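K.L.:
Encoded as structure tokens, here's the structure I'll be asking about.
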Amino acid sequence: MKVSRRDLLVWSAGAAAGLIVTPVPWKLLDDTSIWSQNWPWIPQPTRGPVEMKQSVCTLCPQGCGMRVRMAAGWPVGVAGVSSHPVSRGALCPLGFGAHQLNWHPQRLKTVRHRGGASAWGDAQAAFAKACKEGPVVVIDGYPGRAASSMLESFAQKHDGGYRVVLSAETRALTPYEKWSGVPASALGYDLENAKTIVSFGAPLLDGWGAPGRFTRLWAERAAGMNDPQLRLIQVDESLSRTASRAWQWVPVRASAESALAAGVARVLLEERLVAWRGPMPSLTLAEAAERTGLSADAIRDLARTIVARTPAVAIGNGIDPEIAALNVVLGAAATPGGIVRRSKRGAAYVPADAAMPSVRAALIDASVPWDFAPQTDAEVFRFAAWDGGSSRADWLLPAPGFLEELMDVPTAPTLAAETYAIAPSLTKPPAEVQSAAQFLGGIDPSLTPVDKIIHSRCGNLFHARAGTLIGREATPVAKIASAQALEEQLQKGAVWVGEAARPGGWRCELKEWPAAASGPPENLTATWSAPVLPPLATKLYQESSLREMPARRNA
Amino acid sequence: MSARYGMVIDLDRCTGCGSCMMACASENNVPPLPQATARTGLTPMLVRKASNGMEGGARREVFIPIMCMHCEHETPCVKVCPQQAVEVDKATGIVMQMPQRCLGCRYCMTACPYHARYFNWWDPAWPKGMEKSLNPGVASRMRGVVEKCNMCHARLHTAKEKAAAAGKREIDLADYVPACVEACPTGAIRFGNLADPNDAASKEARSPEAFRLLARIGTEPKVYYKSKEAWVRALAESKSGSVPEVKRVEAGHAEVQHG
């Protein structure tokens, strides 16, 4: 049969008309779309038995209570523990995504030496060699743990130093160390009894101390009240998150917090608004007004407001001796509602930023914030669970991540009473991972391992017969049958709380008004010591205008 | 008896920390896709910031957590959906989205006066191994569908199962707490049954300080807000008929933009 041009045109027109009415292409398109929406390789949640474990967050020294939901042996969600005496059910926003951190693309899983791959054996040999050749400094970011005591013993045995990178909250308490002889690590704030809190740039509602402690206190005694039981006065250069929620925001020029503290102290002393007598700040009221950008009358009003409702306490951000001196003037040192001594123990640590002359090597624990760089030419052995990038350490050593190692949790900075908790290892770390404590234990087998130190600490707590164990219910330690029972309860997420600090017992001698010093502003992400953020936090930073993406933090 | 689950969010207590957003994303297996932006990402719970428009010491800011308002009356998304993929659950009052029925036309996103709906532009994906950290109670949603807050429906199911195992018909409200409510460190979000006049959330919803966003359009949202500040309450009724949006001008400063 011959196909004419006319036939071809008729068939083409017929096919075009048929294509419009036939459902086949549309059906194919729909099926392709549905099929491609449900690729078999699209990730699905792991199925398996679900159980709840109670533990303590170890990502920063605040030790918030954490309920971890586990499915098939993996952590699949975290929530706060409402019965926890410090965090009271709250966690920081980053904590809610912490269970995903171990899967972060920047998780360190292999030993690295100056950018290249290496092995644990080489790192151990290099460190052992360094120990023989000269003093070795060990730097810790979370002092007081059982692992810290291993690090400290090692440093002492090998003629090196044990240095500590203190949290911003503890650094704010260091000026009292000089004036009273009491170590900053034994001091805390009795916020629960304060009636006026003046924060000089401290992010009280945004990552200062355990999030549940102050935010809950503020929500109960101050939020939305015209005449709150707790007056929160925030001195800040911009309308920060805490300033926007404070009872009063005092806007000052950048880095003028110190000058304002001196100005307020001068008014208090000149107008005899406080009982304390002692050295007067050298700064005049006019000078304070000029530096802060406030009027002299505004500073006078602020001083009167602060003492209108006492106890009043000032809280600085980082080391600022003038803010500490203002507390002495206010009578807030060693009084209820002010700064209290929570413990007779407490060590005075050598700060890690002090000079390190003629050191052969420095070992940095994974708890030290990633941004910390030691001022030394020594060979640096840096432990970290994640690679935060641009590290200048000679050795980058993979450490256990979140919930992967047994840790004990000593008293958090700022608390008014001592606490003790244990975070058990809930998941297995990758094979190539070990902590600084395990590494040092491999070099010097005579060191007491972490589990034995925790065991003996539990024994000590039991034999002291003081304090209360808070789990599902509160039990005085005196009523607990054995040290083993105490340890078992702690392993299951209970928290030991010591006696509340008694006022007095220490004094501050302020012989002369201190010189001004101010640290850089710090915020929530600065106190987050892990070098990376949970991927979900990065996502939410990207997709909302709630927070600025923190600088130098990795996705 | 049918319940009407709802929330009252005390804006005077909200510190804008973002815990609710994190807990929500984690509970609902929201993938952390690096290519997502503020326009294309998924944030079933989104905390926005608004100010009183003043400058200097007189400036005040407020944080407003915004999620699906679970509109009771003339629910805009239900009215426009050509696939019956959205419905108001008669037993709970929760506005439910069924991804299997959704064809991805996004009419509902346009119709929603609260900008509380999000489109899945990509296949869900996590960094290698991270799928082990997903919540087993919630399935990951496919590309090409719209999604939103469902008041942690998986948690409601768990509470129902618990009640059924105990031989009860009604759930104990203490067993059903959405992730954002549980996460809020200041207790600013109160969740409850608005149909029960004795419920704490229901009582708060009737207080003179309580208000709803765009109440004048008559959608009867089941998410209430509360503030003692008159300027905060006034934000709820912006003239352009949309919720206050925040435009980032420069670090640390924001201005209210209606649109």
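Labeling convention for the structure tokens: chains A, B, ... as they appear, residues from 1 per chain, ligands from 1 in order of appearance.
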Which residues of chain A sit at most 7 Å from chain B, using only C-alpha atoms? Give each one's shortest atom pair and distance in Å (one decimal place), in chain and ascending residue order, as JSON lines.
P.N.:
```
{"residue": "A:Gln37", "atom": "CA", "partner": "B:Met142", "partner_atom": "CA", "distance": 5.4}
{"residue": "A:Asn38", "atom": "CA", "partner": "B:Met142", "partner_atom": "CA", "distance": 6.6}
{"residue": "A:Ile42", "atom": "CA", "partner": "B:Pro124", "partner_atom": "CA", "distance": 6.9}
{"residue": "A:Pro43", "atom": "CA", "partner": "B:Glu131", "partner_atom": "CA", "distance": 6.1}
{"residue": "A:Gln44", "atom": "CA", "partner": "B:Ser140", "partner_atom": "CA", "distance": 6.5}
{"residue": "A:Pro45", "atom": "CA", "partner": "B:Pro136", "partner_atom": "CA", "distance": 5.0}
{"residue": "A:Thr46", "atom": "CA", "partner": "B:Lys132", "partner_atom": "CA", "distance": 5.5}
{"residue": "A:Arg47", "atom": "CA", "partner": "B:Pro136", "partner_atom": "CA", "distance": 6.1}
{"residue": "A:Trp74", "atom": "CA", "partner": "B:Ser133", "partner_atom": "CA", "distance": 6.4}
{"residue": "A:Pro75", "atom": "CA", "partner": "B:Ser133", "partner_atom": "CA", "distance": 5.9}
{"residue": "A:Val76", "atom": "CA", "partner": "B:Ser133", "partner_atom": "CA", "distance": 4.4}
{"residue": "A:Gly77", "atom": "CA", "partner": "B:Asn135", "partner_atom": "CA", "distance": 6.7}
{"residue": "A:Ala79", "atom": "CA", "partner": "B:Ala183", "partner_atom": "CA", "distance": 6.8}
{"residue": "A:Ala90", "atom": "CA", "partner": "B:Pro185", "partner_atom": "CA", "distance": 4.7}
{"residue": "A:Leu91", "atom": "CA", "partner": "B:Pro185", "partner_atom": "CA", "distance": 6.9}
{"residue": "A:Cys92", "atom": "CA", "partner": "B:Ser19", "partner_atom": "CA", "distance": 6.5}
{"residue": "A:Pro93", "atom": "CA", "partner": "B:Ser19", "partner_atom": "CA", "distance": 4.0}
{"residue": "A:Phe96", "atom": "CA", "partner": "B:Ala23", "partner_atom": "CA", "distance": 5.6}
{"residue": "A:Gly97", "atom": "CA", "partner": "B:Ser26", "partner_atom": "CA", "distance": 6.5}
{"residue": "A:His99", "atom": "CA", "partner": "B:Ser133", "partner_atom": "CA", "distance": 6.7}
{"residue": "A:Gln100", "atom": "CA", "partner": "B:Ser133", "partner_atom": "CA", "distance": 6.0}
{"residue": "A:Trp103", "atom": "CA", "partner": "B:Met130", "partner_atom": "CA", "distance": 5.1}
{"residue": "A:His104", "atom": "CA", "partner": "B:Pro127", "partner_atom": "CA", "distance": 6.8}
{"residue": "A:Pro105", "atom": "CA", "partner": "B:Pro127", "partner_atom": "CA", "distance": 6.2}
{"residue": "A:Leu205", "atom": "CA", "partner": "B:Thr15", "partner_atom": "CA", "distance": 6.8}
{"residue": "A:Asp206", "atom": "CA", "partner": "B:Cys17", "partner_atom": "CA", "distance": 6.7}
{"residue": "A:Gly212", "atom": "CA", "partner": "B:Pro185", "partner_atom": "CA", "distance": 6.0}
{"residue": "A:Thr215", "atom": "CA", "partner": "B:Thr186", "partner_atom": "CA", "distance": 5.8}
{"residue": "A:Arg216", "atom": "CA", "partner": "B:Thr186", "partner_atom": "CA", "distance": 5.2}
{"residue": "A:Ala219", "atom": "CA", "partner": "B:Thr186", "partner_atom": "CA", "distance": 5.4}
{"residue": "A:Ala223", "atom": "CA", "partner": "B:Arg13", "partner_atom": "CA", "distance": 5.4}
{"residue": "A:Gly224", "atom": "CA", "partner": "B:Asp12", "partner_atom": "CA", "distance": 4.9}
{"residue": "A:Arg241", "atom": "CA", "partner": "B:Thr15", "partner_atom": "CA", "distance": 6.5}
{"residue": "A:Ser244", "atom": "CA", "partner": "B:Glu61", "partner_atom": "CA", "distance": 5.7}
{"residue": "A:Arg245", "atom": "CA", "partner": "B:Thr15", "partner_atom": "CA", "distance": 6.7}
{"residue": "A:Pro251", "atom": "CA", "partner": "B:Gly57", "partner_atom": "CA", "distance": 6.3}
{"residue": "A:Pro535", "atom": "CA", "partner": "B:Pro32", "partner_atom": "CA", "distance": 5.9}
{"residue": "A:Leu536", "atom": "CA", "partner": "B:Pro32", "partner_atom": "CA", "distance": 5.3}
{"residue": "A:Ala537", "atom": "CA", "partner": "B:Met22", "partner_atom": "CA", "distance": 6.6}
{"residue": "A:Lys539", "atom": "CA", "partner": "B:Pro32", "partner_atom": "CA", "distance": 5.4}
{"residue": "A:Gln542", "atom": "CA", "partner": "B:Thr37", "partner_atom": "CA", "distance": 6.1}
{"residue": "A:Glu543", "atom": "CA", "partner": "B:Ala38", "partner_atom": "CA", "distance": 3.8}
{"residue": "A:Ser544", "atom": "CA", "partner": "B:Ala38", "partner_atom": "CA", "distance": 5.8}
{"residue": "A:Ser545", "atom": "CA", "partner": "B:Arg248", "partner_atom": "CA", "distance": 6.7}
{"residue": "A:Leu546", "atom": "CA", "partner": "B:Arg48", "partner_atom": "CA", "distance": 6.4}
{"residue": "A:Glu548", "atom": "CA", "partner": "B:Ala251", "partner_atom": "CA", "distance": 7.0}
```
K.L.:
Mind writing the picked residues with N, CA and C atoms as a CSV table (one decimal), in the first residue's frame?
P.N.:
```csv
chain,number,residue,atom,x,y,z
A,37,GLN,N,9.1,9.6,43.9
A,37,GLN,CA,9.0,10.2,45.3
A,37,GLN,C,9.3,9.1,46.3
A,38,ASN,N,9.2,7.9,45.9
A,38,ASN,CA,9.3,6.8,46.9
A,38,ASN,C,10.5,5.9,46.5
A,42,ILE,N,15.3,6.0,49.7
A,42,ILE,CA,15.0,7.1,50.6
A,42,ILE,C,15.1,6.7,52.0
A,43,PRO,N,15.8,7.4,52.9
A,43,PRO,CA,16.0,7.0,54.2
A,43,PRO,C,14.7,6.8,55.0
A,44,GLN,N,14.7,5.7,55.7
A,44,GLN,CA,13.5,5.5,56.6
A,44,GLN,C,14.1,5.3,58.0
A,45,PRO,N,13.2,5.7,59.0
A,45,PRO,CA,13.7,5.5,60.4
A,45,PRO,C,14.0,4.1,60.7
A,46,THR,N,15.0,3.9,61.6
A,46,THR,CA,15.3,2.6,62.1
A,46,THR,C,14.2,2.0,62.9
A,47,ARG,N,13.8,0.8,62.7
A,47,ARG,CA,12.8,0.1,63.5
A,47,ARG,C,13.5,-0.7,64.6
A,74,TRP,N,20.0,3.0,69.2
A,74,TRP,CA,20.5,4.3,68.8
A,74,TRP,C,19.7,5.4,69.4
A,75,PRO,N,20.3,6.5,69.8
A,75,PRO,CA,19.5,7.6,70.3
A,75,PRO,C,18.7,8.3,69.2
A,76,VAL,N,17.4,8.4,69.4
A,76,VAL,CA,16.6,9.0,68.3
A,76,VAL,C,15.9,10.3,68.8
A,77,GLY,N,16.1,10.7,70.0
A,77,GLY,CA,15.5,11.9,70.5
A,77,GLY,C,15.9,12.3,71.9
A,79,ALA,N,15.0,14.9,75.4
A,79,ALA,CA,14.1,15.8,76.1
A,79,ALA,C,14.7,16.1,77.4
A,90,ALA,N,14.5,21.7,81.3
A,90,ALA,CA,14.9,22.5,80.2
A,90,ALA,C,16.2,21.9,79.6
A,91,LEU,N,16.4,22.2,78.3
A,91,LEU,CA,17.7,22.0,77.7
A,91,LEU,C,17.9,23.2,76.8
A,92,CYS,N,19.2,23.4,76.3
A,92,CYS,CA,19.4,24.5,75.4
A,92,CYS,C,18.9,24.0,74.0
A,93,PRO,N,18.7,25.0,73.1
A,93,PRO,CA,18.2,24.5,71.8
A,93,PRO,C,19.1,23.5,71.1
A,96,PHE,N,18.7,19.8,71.9
A,96,PHE,CA,17.6,19.0,71.3
A,96,PHE,C,18.0,18.3,70.0
A,97,GLY,N,19.1,18.8,69.4
A,97,GLY,CA,19.6,18.1,68.2
A,97,GLY,C,20.9,17.3,68.4
A,99,HIS,N,21.5,14.4,69.6
A,99,HIS,CA,21.6,13.0,69.3
A,99,HIS,C,22.0,12.8,67.8
A,100,GLN,N,22.0,13.8,67.0
A,100,GLN,CA,22.4,13.6,65.6
A,100,GLN,C,23.9,14.0,65.4
A,103,TRP,N,26.6,11.7,63.9
A,103,TRP,CA,26.6,11.4,62.5
A,103,TRP,C,27.0,12.6,61.7
A,104,HIS,N,27.5,13.6,62.3
A,104,HIS,CA,27.9,14.9,61.6
A,104,HIS,C,28.9,14.5,60.6
A,105,PRO,N,28.8,15.1,59.3
A,105,PRO,CA,29.8,14.8,58.3
A,105,PRO,C,31.2,15.1,58.7
A,205,LEU,N,19.4,35.0,79.7
A,205,LEU,CA,18.3,34.2,79.2
A,205,LEU,C,18.7,33.5,77.9
A,206,ASP,N,20.0,33.5,77.6
A,206,ASP,CA,20.5,33.0,76.3
A,206,ASP,C,21.8,32.2,76.4
A,212,GLY,N,17.9,25.7,82.3
A,212,GLY,CA,16.6,25.6,83.1
A,212,GLY,C,16.7,26.3,84.4
A,215,THR,N,16.2,30.6,83.4
A,215,THR,CA,15.0,30.8,82.6
A,215,THR,C,13.7,30.4,83.4
A,216,ARG,N,13.8,29.3,84.1
A,216,ARG,CA,12.6,28.9,84.9
A,216,ARG,C,12.3,29.9,86.0
A,219,ALA,N,10.9,32.9,84.5
A,219,ALA,CA,9.5,32.7,84.1
A,219,ALA,C,8.5,32.7,85.3
A,223,ALA,N,8.6,37.1,84.5
A,223,ALA,CA,8.1,37.2,83.1
A,223,ALA,C,6.7,37.9,83.1
A,224,GLY,N,6.5,38.9,82.3
A,224,GLY,CA,5.2,39.5,82.1
A,224,GLY,C,4.6,40.2,83.3
A,241,ARG,N,18.7,39.4,73.3
A,241,ARG,CA,17.5,38.6,73.7
A,241,ARG,C,17.2,38.8,75.2
A,244,SER,N,15.7,42.3,75.8
A,244,SER,CA,14.3,42.5,75.3
A,244,SER,C,13.3,41.9,76.3
A,245,ARG,N,13.8,41.0,77.1
A,245,ARG,CA,12.9,40.4,78.1
A,245,ARG,C,13.1,40.9,79.5
A,251,PRO,N,20.7,50.7,77.9
A,251,PRO,CA,21.6,50.7,76.8
A,251,PRO,C,22.9,51.5,77.0
A,535,PRO,N,23.3,19.4,63.0
A,535,PRO,CA,22.8,19.8,61.6
A,535,PRO,C,21.5,20.5,61.6
A,536,LEU,N,20.6,20.1,62.5
A,536,LEU,CA,19.3,20.7,62.5
A,536,LEU,C,19.4,22.2,63.0
A,537,ALA,N,20.3,22.4,63.9
A,537,ALA,CA,20.4,23.8,64.4
A,537,ALA,C,20.9,24.7,63.2
A,539,LYS,N,20.4,24.2,60.1
A,539,LYS,CA,19.3,24.3,59.2
A,539,LYS,C,18.4,25.5,59.7
A,542,GLN,N,19.7,28.8,59.2
A,542,GLN,CA,19.6,29.2,57.8
A,542,GLN,C,18.2,29.6,57.4
A,543,GLU,N,17.2,29.0,58.0
A,543,GLU,CA,15.9,29.1,57.5
A,543,GLU,C,15.0,30.0,58.4
A,544,SER,N,15.5,30.7,59.4
A,544,SER,CA,14.8,31.6,60.1
A,544,SER,C,15.7,32.8,60.4
A,545,SER,N,15.0,33.9,60.8
A,545,SER,CA,15.9,35.1,61.1
A,545,SER,C,16.0,35.2,62.7
A,546,LEU,N,15.8,34.0,63.3
A,546,LEU,CA,15.8,34.0,64.8
A,546,LEU,C,17.2,34.3,65.4
A,548,GLU,N,21.5,35.0,64.3
A,548,GLU,CA,22.5,35.1,63.3
A,548,GLU,C,23.3,33.8,63.3
```
K.L.:
Neighbouring residues of Gly48 in chain A were defined as those with any atom within 9 Å, considering only C-alpha atoms; residues of the same chain fewer than 3 positions away were excluded. Please report them as a PyMOL selection string.
P.N.:
(chain A and resi 71-73) or (chain B and resi 136)
K.L.:
Could you pull out all residues of range 14-248 of chain B with a DSSP call of helix (DSSP H, G or I) and give them as a VMD selection string?
P.N.:
chain B and resid 19 to 27 56 to 58 76 to 80 107 to 111 130 to 133 153 to 165 173 to 175 179 to 183 200 to 205 215 to 217 230 to 235
K.L.:
Nearest to Val181 in chain B among A:Gly89, A:Ala416, A:Arg6, A:Leu426, with distances taken over only C-alpha atoms: which residue is it?
P.N.:
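Among the listed residues, the smallest separation from Val181 in chain B belongs to A:Gly89.
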K.L.:
Counting only C-alpha atoms, what is within 10 Å of Glu509 in chain A, bar same-chain residues fewer than 4 positions away, as a PyMOL selection string?
P.N.:
chain A and resi 176+178-181+278+328
